[in-house]
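A.B. asks: Below is the file coords_11.cif, with mmCIF, N, CA and C atoms.
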data_target
loop_
_atom_site.label_atom_id
_atom_site.label_comp_id
_atom_site.auth_asym_id
_atom_site.auth_seq_id
_atom_site.Cartn_x
_atom_site.Cartn_y
_atom_site.Cartn_z
N MET A 1 102.11 42.86 42.84
CA MET A 1 101.47 43.84 43.68
C MET A 1 101.58 43.43 45.14
N ARG A 2 101.71 44.43 45.99
CA ARG A 2 101.80 44.18 47.43
C ARG A 2 100.41 44.00 48.02
N LYS A 3 100.38 43.24 49.03
CA LYS A 3 99.14 43.10 49.79
C LYS A 3 99.39 43.72 51.16
N TYR A 4 98.34 44.26 51.74
CA TYR A 4 98.48 44.87 53.06
C TYR A 4 97.53 44.18 54.02
N SER A 5 97.82 44.33 55.26
CA SER A 5 96.97 43.71 56.26
C SER A 5 95.67 44.51 56.39
N GLY A 6 94.66 43.89 56.89
CA GLY A 6 93.36 44.53 57.01
C GLY A 6 93.41 45.76 57.90
N TYR A 7 92.79 46.84 57.46
CA TYR A 7 92.80 48.08 58.22
C TYR A 7 91.54 48.86 57.90
N HIS A 8 90.84 49.30 58.90
CA HIS A 8 89.61 50.09 58.74
C HIS A 8 88.60 49.41 57.81
N GLY A 9 88.45 48.14 57.94
CA GLY A 9 87.42 47.43 57.20
C GLY A 9 87.84 46.94 55.83
N PHE A 10 89.07 47.22 55.39
CA PHE A 10 89.51 46.72 54.10
C PHE A 10 89.99 45.28 54.29
N PRO A 11 89.65 44.41 53.39
CA PRO A 11 90.08 43.01 53.54
C PRO A 11 91.58 42.87 53.29
N ASN A 12 92.16 41.84 53.88
CA ASN A 12 93.59 41.57 53.74
C ASN A 12 93.96 41.13 52.32
N SER A 13 93.05 40.55 51.64
CA SER A 13 93.38 39.96 50.34
C SER A 13 93.31 40.96 49.19
N ARG A 14 92.83 42.13 49.42
CA ARG A 14 92.66 43.11 48.34
C ARG A 14 93.97 43.84 48.07
N PRO A 15 94.49 43.81 46.84
CA PRO A 15 95.75 44.49 46.53
C PRO A 15 95.53 46.00 46.39
N ILE A 16 96.59 46.75 46.67
CA ILE A 16 96.54 48.22 46.52
C ILE A 16 96.96 48.55 45.10
N PRO A 17 96.16 49.29 44.37
CA PRO A 17 96.57 49.69 43.02
C PRO A 17 97.79 50.58 43.09
N ARG A 18 98.58 50.62 42.02
CA ARG A 18 99.82 51.42 42.00
C ARG A 18 99.54 52.90 42.25
N THR A 19 98.50 53.41 41.64
CA THR A 19 98.19 54.84 41.86
C THR A 19 97.75 55.07 43.29
N GLY A 20 97.05 54.13 43.87
CA GLY A 20 96.63 54.25 45.27
C GLY A 20 97.82 54.21 46.21
N ARG A 21 98.81 53.36 45.87
CA ARG A 21 100.01 53.28 46.69
C ARG A 21 100.77 54.59 46.69
N ALA A 22 100.89 55.19 45.53
CA ALA A 22 101.61 56.46 45.43
C ALA A 22 100.88 57.54 46.24
N SER A 23 99.56 57.54 46.15
CA SER A 23 98.78 58.52 46.92
C SER A 23 98.94 58.29 48.41
N LEU A 24 98.88 57.04 48.81
CA LEU A 24 99.06 56.72 50.24
C LEU A 24 100.46 57.11 50.71
N ASN A 25 101.46 56.85 49.90
CA ASN A 25 102.83 57.23 50.27
C ASN A 25 102.94 58.73 50.47
N LYS A 26 102.30 59.50 49.59
CA LYS A 26 102.34 60.96 49.72
C LYS A 26 101.64 61.41 51.00
N VAL A 27 100.51 60.78 51.28
CA VAL A 27 99.77 61.13 52.51
C VAL A 27 100.61 60.79 53.73
N VAL A 28 101.23 59.63 53.74
CA VAL A 28 102.06 59.23 54.88
C VAL A 28 103.25 60.16 55.03
N GLN A 29 103.90 60.53 53.93
CA GLN A 29 105.03 61.46 54.00
C GLN A 29 104.59 62.81 54.55
N ARG A 30 103.46 63.29 54.07
CA ARG A 30 102.96 64.59 54.55
C ARG A 30 102.60 64.53 56.03
N MET A 31 102.00 63.41 56.45
CA MET A 31 101.68 63.26 57.87
C MET A 31 102.94 63.25 58.71
N ASN A 32 104.00 62.58 58.23
CA ASN A 32 105.26 62.57 58.97
C ASN A 32 105.89 63.96 59.03
N GLN A 33 105.71 64.75 57.99
CA GLN A 33 106.24 66.12 57.99
C GLN A 33 105.49 67.01 58.98
N VAL A 34 104.20 66.81 59.10
CA VAL A 34 103.36 67.65 59.96
C VAL A 34 103.40 67.17 61.41
N LYS A 35 103.69 65.89 61.61
CA LYS A 35 103.64 65.31 62.95
C LYS A 35 104.62 65.98 63.92
N LYS A 36 105.84 66.24 63.50
CA LYS A 36 106.83 66.83 64.40
C LYS A 36 106.44 68.23 64.86
N PRO A 37 106.05 69.16 63.96
CA PRO A 37 105.65 70.48 64.44
C PRO A 37 104.43 70.44 65.37
N ILE A 38 103.50 69.54 65.07
CA ILE A 38 102.32 69.42 65.94
C ILE A 38 102.74 68.87 67.29
N HIS A 39 103.61 67.87 67.27
CA HIS A 39 104.11 67.31 68.53
C HIS A 39 104.83 68.39 69.34
N ASP A 40 105.67 69.17 68.69
CA ASP A 40 106.40 70.23 69.38
C ASP A 40 105.45 71.28 69.96
N LEU A 41 104.42 71.61 69.21
CA LEU A 41 103.43 72.58 69.68
C LEU A 41 102.68 72.05 70.90
N LEU A 42 102.25 70.80 70.83
CA LEU A 42 101.56 70.19 71.97
C LEU A 42 102.47 70.10 73.19
N TYR A 43 103.72 69.76 72.97
CA TYR A 43 104.68 69.68 74.08
C TYR A 43 104.87 71.05 74.73
N ALA A 44 105.02 72.09 73.90
CA ALA A 44 105.20 73.45 74.43
C ALA A 44 103.96 73.89 75.20
N TRP A 45 102.78 73.55 74.69
CA TRP A 45 101.54 73.93 75.36
C TRP A 45 101.41 73.23 76.70
N ARG A 46 101.72 71.93 76.74
CA ARG A 46 101.66 71.19 78.01
C ARG A 46 102.66 71.74 79.02
N LYS A 47 103.85 72.06 78.54
CA LYS A 47 104.88 72.62 79.43
C LYS A 47 104.43 73.96 79.99
N LEU A 48 103.87 74.81 79.14
CA LEU A 48 103.36 76.11 79.59
C LEU A 48 102.24 75.93 80.59
N LYS A 49 101.36 74.99 80.33
CA LYS A 49 100.24 74.72 81.23
C LYS A 49 100.75 74.27 82.60
N LEU A 50 101.70 73.35 82.61
CA LEU A 50 102.25 72.88 83.88
C LEU A 50 102.99 73.99 84.63
N GLU A 51 103.70 74.83 83.90
CA GLU A 51 104.43 75.92 84.55
C GLU A 51 103.49 76.97 85.13
N SER A 52 102.30 77.13 84.55
CA SER A 52 101.42 78.18 85.04
C SER A 52 100.50 77.71 86.16
N TRP A 53 100.45 76.42 86.44
CA TRP A 53 99.59 75.94 87.51
C TRP A 53 99.96 76.55 88.86
N GLN A 54 101.23 76.65 89.16
CA GLN A 54 101.64 77.18 90.47
C GLN A 54 101.18 78.61 90.64
N ALA A 55 101.33 79.42 89.61
CA ALA A 55 100.88 80.82 89.69
C ALA A 55 99.37 80.89 89.84
N LEU A 56 98.64 80.04 89.13
CA LEU A 56 97.18 80.04 89.26
C LEU A 56 96.74 79.62 90.66
N LEU A 57 97.38 78.58 91.19
CA LEU A 57 97.03 78.14 92.54
C LEU A 57 97.39 79.19 93.58
N ASP A 58 98.52 79.86 93.40
CA ASP A 58 98.90 80.94 94.32
C ASP A 58 97.87 82.07 94.28
N GLU A 59 97.39 82.39 93.10
CA GLU A 59 96.38 83.45 92.95
C GLU A 59 95.08 83.08 93.67
N VAL A 60 94.66 81.84 93.52
CA VAL A 60 93.45 81.39 94.20
C VAL A 60 93.65 81.40 95.71
N GLN A 61 94.81 80.96 96.17
CA GLN A 61 95.11 80.97 97.61
C GLN A 61 95.10 82.39 98.14
N ASP A 62 95.70 83.33 97.41
CA ASP A 62 95.69 84.73 97.83
C ASP A 62 94.27 85.26 97.95
N GLN A 63 93.42 84.89 97.01
CA GLN A 63 92.02 85.35 97.03
C GLN A 63 91.30 84.79 98.26
N TYR A 64 91.54 83.52 98.57
CA TYR A 64 90.93 82.93 99.78
C TYR A 64 91.40 83.66 101.03
N GLU A 65 92.69 83.97 101.09
CA GLU A 65 93.22 84.65 102.27
C GLU A 65 92.66 86.06 102.40
N ILE A 66 92.48 86.75 101.28
CA ILE A 66 91.88 88.08 101.32
C ILE A 66 90.45 87.99 101.84
N ASN A 67 89.70 87.02 101.33
CA ASN A 67 88.32 86.84 101.78
C ASN A 67 88.24 86.46 103.25
N ALA A 68 89.16 85.61 103.70
CA ALA A 68 89.17 85.23 105.11
C ALA A 68 89.57 86.41 105.98
N GLY A 69 90.48 87.24 105.50
CA GLY A 69 90.89 88.42 106.27
C GLY A 69 89.75 89.39 106.49
N LYS A 70 88.79 89.42 105.58
CA LYS A 70 87.64 90.29 105.74
C LYS A 70 86.72 89.84 106.87
N LEU A 71 86.92 88.62 107.35
CA LEU A 71 86.07 88.09 108.42
C LEU A 71 86.45 88.61 109.80
N TRP A 72 87.57 89.30 109.91
CA TRP A 72 88.03 89.77 111.21
C TRP A 72 86.98 90.61 111.92
N PHE A 73 86.39 91.56 111.21
CA PHE A 73 85.46 92.48 111.85
C PHE A 73 84.18 91.79 112.29
N SER A 74 83.67 90.89 111.46
CA SER A 74 82.46 90.16 111.87
C SER A 74 82.78 89.19 113.01
N LEU A 75 83.93 88.54 112.96
CA LEU A 75 84.33 87.65 114.04
C LEU A 75 84.52 88.45 115.33
N TYR A 76 85.15 89.59 115.23
CA TYR A 76 85.37 90.43 116.40
C TYR A 76 84.03 90.85 117.02
N SER A 77 83.09 91.31 116.19
CA SER A 77 81.81 91.77 116.73
C SER A 77 81.02 90.62 117.35
N VAL A 78 81.10 89.43 116.76
CA VAL A 78 80.35 88.29 117.31
C VAL A 78 80.99 87.82 118.62
N LEU A 79 82.30 87.73 118.66
CA LEU A 79 82.96 87.21 119.86
C LEU A 79 82.98 88.21 121.01
N ARG A 80 82.99 89.48 120.73
CA ARG A 80 83.03 90.49 121.78
C ARG A 80 81.65 90.82 122.33
N LYS A 81 80.62 90.46 121.57
CA LYS A 81 79.26 90.73 122.02
C LYS A 81 78.89 89.71 123.09
N ARG A 82 78.55 90.20 124.24
CA ARG A 82 78.20 89.31 125.33
C ARG A 82 76.70 89.01 125.23
N THR A 83 76.38 87.75 124.94
CA THR A 83 74.99 87.37 124.75
C THR A 83 74.30 87.00 126.06
N SER A 84 75.09 86.72 127.07
CA SER A 84 74.50 86.27 128.34
C SER A 84 75.31 86.83 129.50
N PRO A 85 74.63 87.21 130.57
CA PRO A 85 75.38 87.67 131.75
C PRO A 85 76.10 86.52 132.46
N ASP A 86 75.64 85.30 132.23
CA ASP A 86 76.26 84.13 132.85
C ASP A 86 77.58 83.82 132.13
N ALA A 87 78.68 83.81 132.88
CA ALA A 87 80.02 83.62 132.30
C ALA A 87 80.16 82.24 131.66
N THR A 88 79.64 81.19 132.31
CA THR A 88 79.76 79.83 131.77
C THR A 88 79.01 79.72 130.45
N GLU A 89 77.81 80.26 130.41
CA GLU A 89 77.02 80.21 129.17
C GLU A 89 77.71 81.03 128.07
N TYR A 90 78.30 82.15 128.44
CA TYR A 90 79.01 82.98 127.46
C TYR A 90 80.21 82.23 126.89
N LYS A 91 80.96 81.53 127.75
CA LYS A 91 82.11 80.76 127.29
C LYS A 91 81.68 79.64 126.34
N LEU A 92 80.59 78.94 126.68
CA LEU A 92 80.11 77.86 125.82
C LEU A 92 79.65 78.40 124.47
N SER A 93 78.96 79.53 124.48
CA SER A 93 78.51 80.09 123.20
C SER A 93 79.70 80.58 122.38
N THR A 94 80.73 81.11 123.04
CA THR A 94 81.93 81.56 122.34
C THR A 94 82.65 80.37 121.71
N ILE A 95 82.75 79.29 122.45
CA ILE A 95 83.39 78.07 121.92
C ILE A 95 82.61 77.56 120.71
N GLN A 96 81.27 77.59 120.81
CA GLN A 96 80.45 77.14 119.69
C GLN A 96 80.65 78.03 118.47
N ILE A 97 80.76 79.34 118.67
CA ILE A 97 80.99 80.28 117.56
C ILE A 97 82.33 80.00 116.89
N VAL A 98 83.37 79.77 117.70
CA VAL A 98 84.70 79.49 117.16
C VAL A 98 84.69 78.16 116.39
N GLU A 99 84.04 77.15 116.94
CA GLU A 99 83.95 75.86 116.23
C GLU A 99 83.22 76.02 114.89
N ASP A 100 82.13 76.76 114.90
CA ASP A 100 81.39 77.01 113.65
C ASP A 100 82.27 77.77 112.66
N PHE A 101 83.02 78.74 113.15
CA PHE A 101 83.89 79.54 112.29
C PHE A 101 84.94 78.66 111.61
N ILE A 102 85.55 77.78 112.38
CA ILE A 102 86.57 76.89 111.82
C ILE A 102 85.93 75.84 110.89
N CYS A 103 84.82 75.26 111.30
CA CYS A 103 84.20 74.20 110.50
C CYS A 103 83.63 74.72 109.18
N THR A 104 83.22 75.97 109.13
CA THR A 104 82.65 76.51 107.89
C THR A 104 83.71 77.14 107.00
N SER A 105 84.94 77.22 107.48
CA SER A 105 86.01 77.75 106.64
C SER A 105 86.36 76.75 105.56
N SER A 106 86.57 77.24 104.37
CA SER A 106 86.99 76.34 103.29
C SER A 106 88.47 75.99 103.49
N PHE A 107 88.93 75.05 102.72
CA PHE A 107 90.33 74.62 102.82
C PHE A 107 91.28 75.78 102.57
N GLY A 108 90.96 76.61 101.59
CA GLY A 108 91.81 77.75 101.26
C GLY A 108 91.81 78.83 102.32
N GLU A 109 90.71 78.94 103.08
CA GLU A 109 90.60 79.96 104.12
C GLU A 109 91.10 79.47 105.46
N PHE A 110 91.36 78.19 105.60
CA PHE A 110 91.62 77.60 106.91
C PHE A 110 92.83 78.23 107.61
N ARG A 111 93.94 78.34 106.91
CA ARG A 111 95.15 78.90 107.53
C ARG A 111 94.92 80.33 108.01
N LYS A 112 94.30 81.13 107.15
CA LYS A 112 94.04 82.53 107.52
C LYS A 112 93.03 82.60 108.67
N SER A 113 92.06 81.70 108.69
CA SER A 113 91.09 81.68 109.79
C SER A 113 91.78 81.38 111.12
N LEU A 114 92.71 80.44 111.11
CA LEU A 114 93.47 80.15 112.34
C LEU A 114 94.31 81.36 112.77
N GLN A 115 94.91 82.04 111.78
CA GLN A 115 95.68 83.24 112.11
C GLN A 115 94.79 84.31 112.73
N LEU A 116 93.57 84.45 112.22
CA LEU A 116 92.64 85.41 112.79
C LEU A 116 92.27 85.04 114.23
N LEU A 117 92.06 83.75 114.46
CA LEU A 117 91.74 83.33 115.83
C LEU A 117 92.91 83.57 116.79
N PHE A 118 94.12 83.30 116.33
CA PHE A 118 95.29 83.58 117.18
C PHE A 118 95.44 85.08 117.43
N ALA A 119 95.17 85.87 116.41
CA ALA A 119 95.22 87.33 116.60
C ALA A 119 94.15 87.77 117.58
N PHE A 120 92.98 87.17 117.47
CA PHE A 120 91.90 87.52 118.40
C PHE A 120 92.26 87.10 119.81
N LEU A 121 92.90 85.94 119.95
CA LEU A 121 93.36 85.49 121.27
C LEU A 121 94.36 86.49 121.85
N GLY A 122 95.29 86.93 121.03
CA GLY A 122 96.24 87.94 121.49
C GLY A 122 95.54 89.23 121.89
N HIS A 123 94.53 89.61 121.14
CA HIS A 123 93.75 90.80 121.45
C HIS A 123 93.07 90.66 122.81
N ILE A 124 92.50 89.49 123.07
CA ILE A 124 91.83 89.25 124.37
C ILE A 124 92.85 89.26 125.50
N LYS A 125 94.01 88.61 125.29
CA LYS A 125 95.03 88.58 126.34
C LYS A 125 95.53 89.99 126.68
N ILE A 126 95.72 90.80 125.66
CA ILE A 126 96.16 92.18 125.91
C ILE A 126 95.09 92.94 126.67
N GLY A 127 93.83 92.73 126.28
CA GLY A 127 92.72 93.39 126.99
C GLY A 127 92.66 92.97 128.44
N VAL A 128 92.86 91.69 128.72
CA VAL A 128 92.85 91.19 130.10
C VAL A 128 94.01 91.79 130.88
N CYS A 129 95.19 91.84 130.27
CA CYS A 129 96.37 92.42 130.94
C CYS A 129 96.16 93.91 131.23
N LEU A 130 95.58 94.63 130.31
CA LEU A 130 95.32 96.05 130.51
C LEU A 130 94.30 96.28 131.61
N GLN A 131 93.27 95.47 131.66
CA GLN A 131 92.27 95.61 132.71
C GLN A 131 92.86 95.28 134.06
N ALA A 132 93.73 94.27 134.13
CA ALA A 132 94.35 93.89 135.39
C ALA A 132 95.29 94.99 135.87
N SER A 133 95.96 95.68 134.96
CA SER A 133 96.90 96.71 135.37
C SER A 133 96.20 97.99 135.78
N ILE A 134 94.97 98.19 135.29
CA ILE A 134 94.21 99.40 135.65
C ILE A 134 93.73 99.30 137.08
N PHE A 135 93.31 98.12 137.49
CA PHE A 135 92.75 97.95 138.84
C PHE A 135 93.82 97.67 139.78
#
Represent the structure of the file as structure tokens.
C.D. replies:
Amino acid sequence: MRKYSGYHGFPNSRPIPRTGRASLNKVVQRMNQVKKPIHDLLYAWRKLKLESWQALLDEVQDQYEINAGKLWFSLYSVLRKRTSPDATEYKLSTIQIVEDFICTSSFGEFRKSLQLLFAFLGHIKIGVCLQASIF
């Protein structure tokens, strides 16, 4: 009779009965037959998961950009509202509003927030040019 090394609490010195060996051989053969399809299934699932990450991240980024784009009107109303007749105080409050806007933007909204600020800057420059040409 063969002896096997200790495994799962069975002593090394205990022999495997012939009927037990045959049963174990059948179990091992069946496990080997099932192992490949399970491995292939897990591999396919991991591959699919990795391939779909980019689409999922793009979707989340698009959602952040949509949400950040909705901030244009509130940003416009806050920045165009003159809170003080004093120009220096108005400039300082505007700078503080812009800093708060950028600092409170999430990572996903950051790029779109900067684009909104650049668009707002262009809007102000056009307004200044139009006022200068009227007078």
A.B. asks: Which residues, written as a list in words, have at least one atom at most 6.5 Å from stretch 107-115 of chain A, with all atoms listed in the file counted and residues fewer than 6 positions away on the same chain left out?
C.D. replies: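 Non-adjacent residues within range: Gln61, Tyr64, Glu65, Ala68 and Gly69 of chain A.
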A.B. asks: Could you write out that same residue set with N, CA and C atoms as a compact mmCIF listing (two decimals), in the frame of the given file?
C.D. replies:
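Printed below is again02.txt as written:
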# COMPACT_ATOMS: atom_id res chain seq x y z
N GLN A 61 94.81 80.96 96.17
CA GLN A 61 95.11 80.97 97.61
C GLN A 61 95.10 82.39 98.14
N TYR A 64 91.54 83.52 98.57
CA TYR A 64 90.93 82.93 99.78
C TYR A 64 91.40 83.66 101.03
N GLU A 65 92.69 83.97 101.09
CA GLU A 65 93.22 84.65 102.27
C GLU A 65 92.66 86.06 102.40
N ALA A 68 89.16 85.61 103.70
CA ALA A 68 89.17 85.23 105.11
C ALA A 68 89.57 86.41 105.98
N GLY A 69 90.48 87.24 105.50
CA GLY A 69 90.89 88.42 106.27
C GLY A 69 89.75 89.39 106.49
A.B. asks: Grab the atom CA of A:Ser52 to atom C of A:Lys35 distance for me, in Å with one decimal place.
C.D. replies: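 Between atom CA of A:Ser52 and atom C of A:Lys35 the gap works out to 24.6 Å.
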A.B. asks: Please indicate the distance in Å from atom N of A:Ser105 to atom N of A:Leu92, rounded to one decimal place.
C.D. replies: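 Value for the atom N of A:Ser105-atom N of A:Leu92 distance: 19.8 Å.
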A.B. asks: If you run DSSP on the backbone, which residues of chain A are strand (DSSP E or B), as a PyMOL selection string?
C.D. replies: chain A and resi 3+7+10+15
A.B. asks: Measuring atom to atom with only C-alpha atoms, identify which of A:Leu117, A:Lys36, A:Ser74, A:Met31 is nearest to A:Ile95.
C.D. replies: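 Residue with the minimum atom-to-atom distance to A:Ile95: A:Leu117.
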A.B. asks: So how far away is atom CA of A:Leu79 from atom CA of A:Ile97, in Å?
C.D. replies: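 Computed distance, atom CA of A:Ile97 to atom CA of A:Leu79, equals 7.6 Å.
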